[in-house]
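Quick notes on the structure that follows.
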Amino acid sequence: MGQEKNPRRVADNEAMAKARMLRTSPQKLNVVAAMIRGKKVEKALADLTFSKRRIAGDVKKCLQSAIANAENNHNLDVDALIVAEAWVGKNLTMKRGRPRARGRFGRIVKPFSELTITVRQIDAVQGEQA
C-alpha cells in the first residue's frame with residue numbers, strides 16, 4: 001500500500017538545499033555563490049559570516065540547511081563536506097515606476113533570485129589533494 005518513494009535527485013554522497021525568492025538580482029547573488037564554490041563547508045561558512053554583502057546572510061542560511069540535510073537526512077559526515085555546486089537562477093521581477101520629466105515614466109525593476117547549493121562528502125584521499 002501507499003506510494004513508492006521518489007528517486008533521489010542527487011548522488012548518495014550528496015545533499016541539496018534551495019532558497020527561493022531571494023530579494024536581489026541573480027548577478028549580485030552569483031558573486032557570493034562563486035565565493036563559496038568548491039570550498040570546505042567550514043571555510044565557506046566563515047567567508048559568508050564575514051562578508052560585507054547583504055545577501056551573504058541568506059546564502060549562509062541556505063548552506064546551513066544543506067549541511068543539516070546532509071547530516072540528518074542522508075547520514076553524511078559534516079567534517080568531510082565540500083560545497084560541490086552553488087548555482088543561481090532567475091525568479092520573478094516586480095515592475096515599479098516613477099514619474100520623470102516631460103511626462104515620461106521611469107521603469108524600476110526589482111528582481112528576485114533563487115539559489116541551489118549541493119554539498120558533497122569527500123573521502124580523506126581527495127580532501128588532501130583539494
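Chain identifiers are assigned as A, B, and so on, following the order in which chains appear in the C-alpha cells; residues are numbered from 1 within each chain, and ligands are numbered from 1 in order of appearance.
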
Write down as a PyMOL selection string the residues belonging to chain A that are assigned alpha helix (DSSP H) by DSSP computed on the backbone.
-> chain A and resi 26-36+41-49+56-72+124-129

Counting only C-alpha atoms, which residues of range 18-57 of chain A sit at most 9 Å from some atom of range 108-119 of chain A, and what is each one's closest atom pair with its distance in Å to one decimal, listed by chain and rising residue number, as JSON lines?
{"residue": "A:Lys18", "atom": "CA", "partner": "A:Thr116", "partner_atom": "CA", "distance": 4.4}
{"residue": "A:Ala19", "atom": "CA", "partner": "A:Leu115", "partner_atom": "CA", "distance": 5.1}
{"residue": "A:Arg20", "atom": "CA", "partner": "A:Glu114", "partner_atom": "CA", "distance": 4.3}
{"residue": "A:Met21", "atom": "CA", "partner": "A:Phe112", "partner_atom": "CA", "distance": 5.5}
{"residue": "A:Leu22", "atom": "CA", "partner": "A:Ser113", "partner_atom": "CA", "distance": 5.1}
{"residue": "A:Arg23", "atom": "CA", "partner": "A:Phe112", "partner_atom": "CA", "distance": 4.7}
{"residue": "A:Thr24", "atom": "CA", "partner": "A:Phe112", "partner_atom": "CA", "distance": 5.3}
{"residue": "A:Ser25", "atom": "CA", "partner": "A:Pro111", "partner_atom": "CA", "distance": 5.2}
{"residue": "A:Pro26", "atom": "CA", "partner": "A:Ser113", "partner_atom": "CA", "distance": 5.3}
{"residue": "A:Leu29", "atom": "CA", "partner": "A:Ser113", "partner_atom": "CA", "distance": 7.6}
{"residue": "A:Asn30", "atom": "CA", "partner": "A:Leu115", "partner_atom": "CA", "distance": 8.8}
{"residue": "A:Ala33", "atom": "CA", "partner": "A:Leu115", "partner_atom": "CA", "distance": 8.3}
{"residue": "A:Val41", "atom": "CA", "partner": "A:Val119", "partner_atom": "CA", "distance": 8.1}

Any chance you can output those residues with C-alpha atoms as a CSV table (one decimal), in the first residue's frame?
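Output file again_33.csv is given in full below:
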chain,number,residue,atom,x,y,z
A,18,LYS,CA,17.3,25.5,-2.2
A,19,ALA,CA,16.5,29.1,-1.3
A,20,ARG,CA,13.8,30.8,-3.4
A,21,MET,CA,12.5,34.3,-3.7
A,22,LEU,CA,15.8,36.0,-2.6
A,23,ARG,CA,15.4,39.7,-3.0
A,24,THR,CA,18.4,40.5,-5.1
A,25,SER,CA,19.4,40.3,-8.7
A,26,PRO,CA,20.9,37.0,-9.9
A,29,LEU,CA,23.9,36.7,-5.9
A,30,ASN,CA,26.2,34.9,-8.3
A,33,ALA,CA,27.8,32.0,-4.7
A,41,VAL,CA,31.9,24.0,4.4

Excluding Lys61 in chain A and any residue of its chain fewer than 5 positions from it, enumerate the residues within 10 Å of it, using only C-alpha atoms, and give them as a compact mmCIF listing (two decimals) with C-alpha atoms, in the first residue's frame.
# COMPACT_ATOMS: atom_id res chain seq x y z
CA ALA A 17 19.13 22.84 -0.31
CA ALA A 19 16.49 29.11 -1.32
CA LEU A 45 30.57 29.46 6.41
CA LEU A 48 29.88 34.17 4.41
CA ALA A 56 25.52 36.70 2.24
CA ALA A 66 22.21 21.86 3.03
CA ILE A 67 24.61 20.81 5.80

Which of chain A DSSP labels strand (DSSP E or B), written as JSON, numbers by chain = {"A": [14, 15, 16, 17, 18, 19, 20, 21, 22, 40, 81, 82, 83, 84, 85, 86, 87, 88, 89, 90, 91, 92, 93, 94, 95, 96, 97, 98, 99, 105, 106, 107, 108, 109, 110, 111, 112, 113, 114, 115, 116, 117, 118, 119, 120, 121]}

Written file, previous selection with N, CA and C atoms, as a CSV table (one decimal), in the first residue's frame:
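result02.csv was written with the following content:
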chain,number,residue,atom,x,y,z
A,14,GLU,N,25.7,13.1,-1.6
A,14,GLU,CA,25.4,14.5,-1.7
A,14,GLU,C,24.1,14.8,-1.0
A,15,ALA,N,24.0,16.1,-0.7
A,15,ALA,CA,22.7,16.7,-0.2
A,15,ALA,C,22.5,18.1,-0.8
A,16,MET,N,21.3,18.5,-0.8
A,16,MET,CA,20.9,19.7,-1.5
A,16,MET,C,20.0,20.6,-0.7
A,17,ALA,N,20.1,21.9,-0.9
A,17,ALA,CA,19.1,22.8,-0.3
A,17,ALA,C,18.9,23.9,-1.3
A,18,LYS,N,17.7,24.5,-1.3
A,18,LYS,CA,17.3,25.5,-2.2
A,18,LYS,C,16.7,26.7,-1.5
A,19,ALA,N,17.1,27.9,-1.9
A,19,ALA,CA,16.5,29.1,-1.3
A,19,ALA,C,15.8,29.8,-2.5
A,20,ARG,N,14.6,30.1,-2.3
A,20,ARG,CA,13.8,30.8,-3.4
A,20,ARG,C,13.3,32.2,-2.9
A,21,MET,N,13.0,33.0,-3.9
A,21,MET,CA,12.5,34.3,-3.7
A,21,MET,C,13.5,35.2,-2.8
A,22,LEU,N,14.8,35.1,-3.2
A,22,LEU,CA,15.8,36.0,-2.6
A,22,LEU,C,15.7,37.3,-3.2
A,40,LYS,N,35.6,23.9,1.4
A,40,LYS,CA,35.1,23.1,2.5
A,40,LYS,C,34.0,23.9,3.2
A,81,LEU,N,32.5,17.5,4.3
A,81,LEU,CA,31.7,18.1,3.2
A,81,LEU,C,32.4,19.3,2.5
A,82,ILE,N,32.1,19.3,1.2
A,82,ILE,CA,32.6,20.5,0.5
A,82,ILE,C,31.3,21.0,-0.3
A,83,VAL,N,31.4,22.3,-0.7
A,83,VAL,CA,30.3,22.9,-1.5
A,83,VAL,C,30.6,22.4,-2.9
A,84,ALA,N,29.9,21.4,-3.4
A,84,ALA,CA,30.1,20.9,-4.7
A,84,ALA,C,29.6,21.8,-5.8
A,85,GLU,N,28.4,22.3,-5.6
A,85,GLU,CA,27.8,23.2,-6.6
A,85,GLU,C,27.0,24.3,-5.9
A,86,ALA,N,27.0,25.5,-6.4
A,86,ALA,CA,26.1,26.6,-6.0
A,86,ALA,C,25.7,27.3,-7.2
A,87,TRP,N,24.5,27.2,-7.6
A,87,TRP,CA,24.1,27.9,-8.8
A,87,TRP,C,22.8,28.7,-8.6
A,88,VAL,N,22.7,29.8,-9.4
A,88,VAL,CA,21.8,30.8,-9.2
A,88,VAL,C,20.8,30.8,-10.4
A,89,GLY,N,19.6,31.1,-10.1
A,89,GLY,CA,18.6,31.2,-11.2
A,89,GLY,C,17.7,32.4,-11.0
A,90,LYS,N,17.0,32.8,-12.1
A,90,LYS,CA,16.1,34.0,-12.0
A,90,LYS,C,14.8,33.6,-11.5
A,91,ASN,N,14.1,34.5,-10.8
A,91,ASN,CA,12.8,34.3,-10.3
A,91,ASN,C,12.0,35.4,-10.9
A,92,LEU,N,10.9,35.8,-10.2
A,92,LEU,CA,10.0,36.8,-10.8
A,92,LEU,C,10.7,38.2,-10.6
A,93,THR,N,10.2,39.2,-11.3
A,93,THR,CA,10.6,40.5,-11.3
A,93,THR,C,9.5,41.5,-11.0
A,94,MET,N,9.5,42.2,-9.9
A,94,MET,CA,8.5,43.2,-9.7
A,94,MET,C,8.8,44.4,-10.5
A,95,LYS,N,7.7,45.0,-11.2
A,95,LYS,CA,7.9,46.1,-12.0
A,95,LYS,C,7.3,47.3,-11.3
A,96,ARG,N,8.1,48.3,-11.1
A,96,ARG,CA,7.6,49.5,-10.4
A,96,ARG,C,8.0,50.7,-11.3
A,97,GLY,N,7.6,51.9,-11.0
A,97,GLY,CA,7.9,53.0,-11.8
A,97,GLY,C,7.9,54.3,-11.0
A,98,ARG,N,8.4,55.4,-11.7
A,98,ARG,CA,8.5,56.7,-11.1
A,98,ARG,C,8.2,57.7,-12.2
A,99,PRO,N,7.5,58.7,-12.0
A,99,PRO,CA,7.3,59.8,-13.0
A,99,PRO,C,8.6,60.5,-13.2
A,105,PHE,N,7.9,58.1,-18.0
A,105,PHE,CA,7.7,57.1,-16.9
A,105,PHE,C,9.0,56.3,-16.8
A,106,GLY,N,9.7,56.5,-15.6
A,106,GLY,CA,11.0,55.7,-15.4
A,106,GLY,C,10.7,54.4,-14.8
A,107,ARG,N,11.1,53.3,-15.5
A,107,ARG,CA,10.8,52.0,-15.1
A,107,ARG,C,11.8,51.5,-14.1
A,108,ILE,N,11.3,50.9,-13.0
A,108,ILE,CA,12.2,50.4,-12.0
A,108,ILE,C,11.9,48.9,-11.9
A,109,VAL,N,12.9,48.0,-12.1
A,109,VAL,CA,12.7,46.6,-11.9
A,109,VAL,C,13.3,46.1,-10.6
A,110,LYS,N,12.6,45.3,-9.9
A,110,LYS,CA,13.1,44.7,-8.6
A,110,LYS,C,13.1,43.2,-8.8
A,111,PRO,N,14.3,42.7,-9.2
A,111,PRO,CA,14.4,41.2,-9.4
A,111,PRO,C,14.5,40.4,-8.2
A,112,PHE,N,14.0,39.1,-8.3
A,112,PHE,CA,14.2,38.1,-7.3
A,112,PHE,C,15.1,37.0,-7.9
A,113,SER,N,15.7,36.2,-7.0
A,113,SER,CA,16.6,35.1,-7.5
A,113,SER,C,16.3,33.9,-6.7
A,114,GLU,N,16.8,32.8,-7.2
A,114,GLU,CA,16.8,31.6,-6.3
A,114,GLU,C,18.2,30.9,-6.4
A,115,LEU,N,18.6,30.3,-5.3
A,115,LEU,CA,19.9,29.7,-5.1
A,115,LEU,C,19.8,28.2,-4.7
A,116,THR,N,20.6,27.4,-5.4
A,116,THR,CA,20.6,25.9,-5.1
A,116,THR,C,22.0,25.6,-4.7
A,117,ILE,N,22.2,25.0,-3.5
A,117,ILE,CA,23.5,24.6,-3.0
A,117,ILE,C,23.5,23.1,-2.9
A,118,THR,N,24.5,22.4,-3.4
A,118,THR,CA,24.7,21.0,-3.3
A,118,THR,C,26.1,20.8,-2.5
A,119,VAL,N,26.0,20.0,-1.4
A,119,VAL,CA,27.2,19.7,-0.7
A,119,VAL,C,27.5,18.2,-0.9
A,120,ARG,N,28.8,17.9,-1.0
A,120,ARG,CA,29.2,16.5,-1.3
A,120,ARG,C,30.2,16.1,-0.2
A,121,GLN,N,30.1,14.8,0.2
A,121,GLN,CA,31.0,14.2,1.1
A,121,GLN,C,32.2,13.7,0.3

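The space between CA of Ala80 in chain A and CA of Lys28 in chain A spans 28.8 Å.
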
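Our summary of the geometry notes that CA of Pro7 in chain A is positioned 25.7 Å from CA of Gly38 in chain A.
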
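Going from CA of Asp123 in chain A to CA of His74 in chain A covers 15.8 Å.
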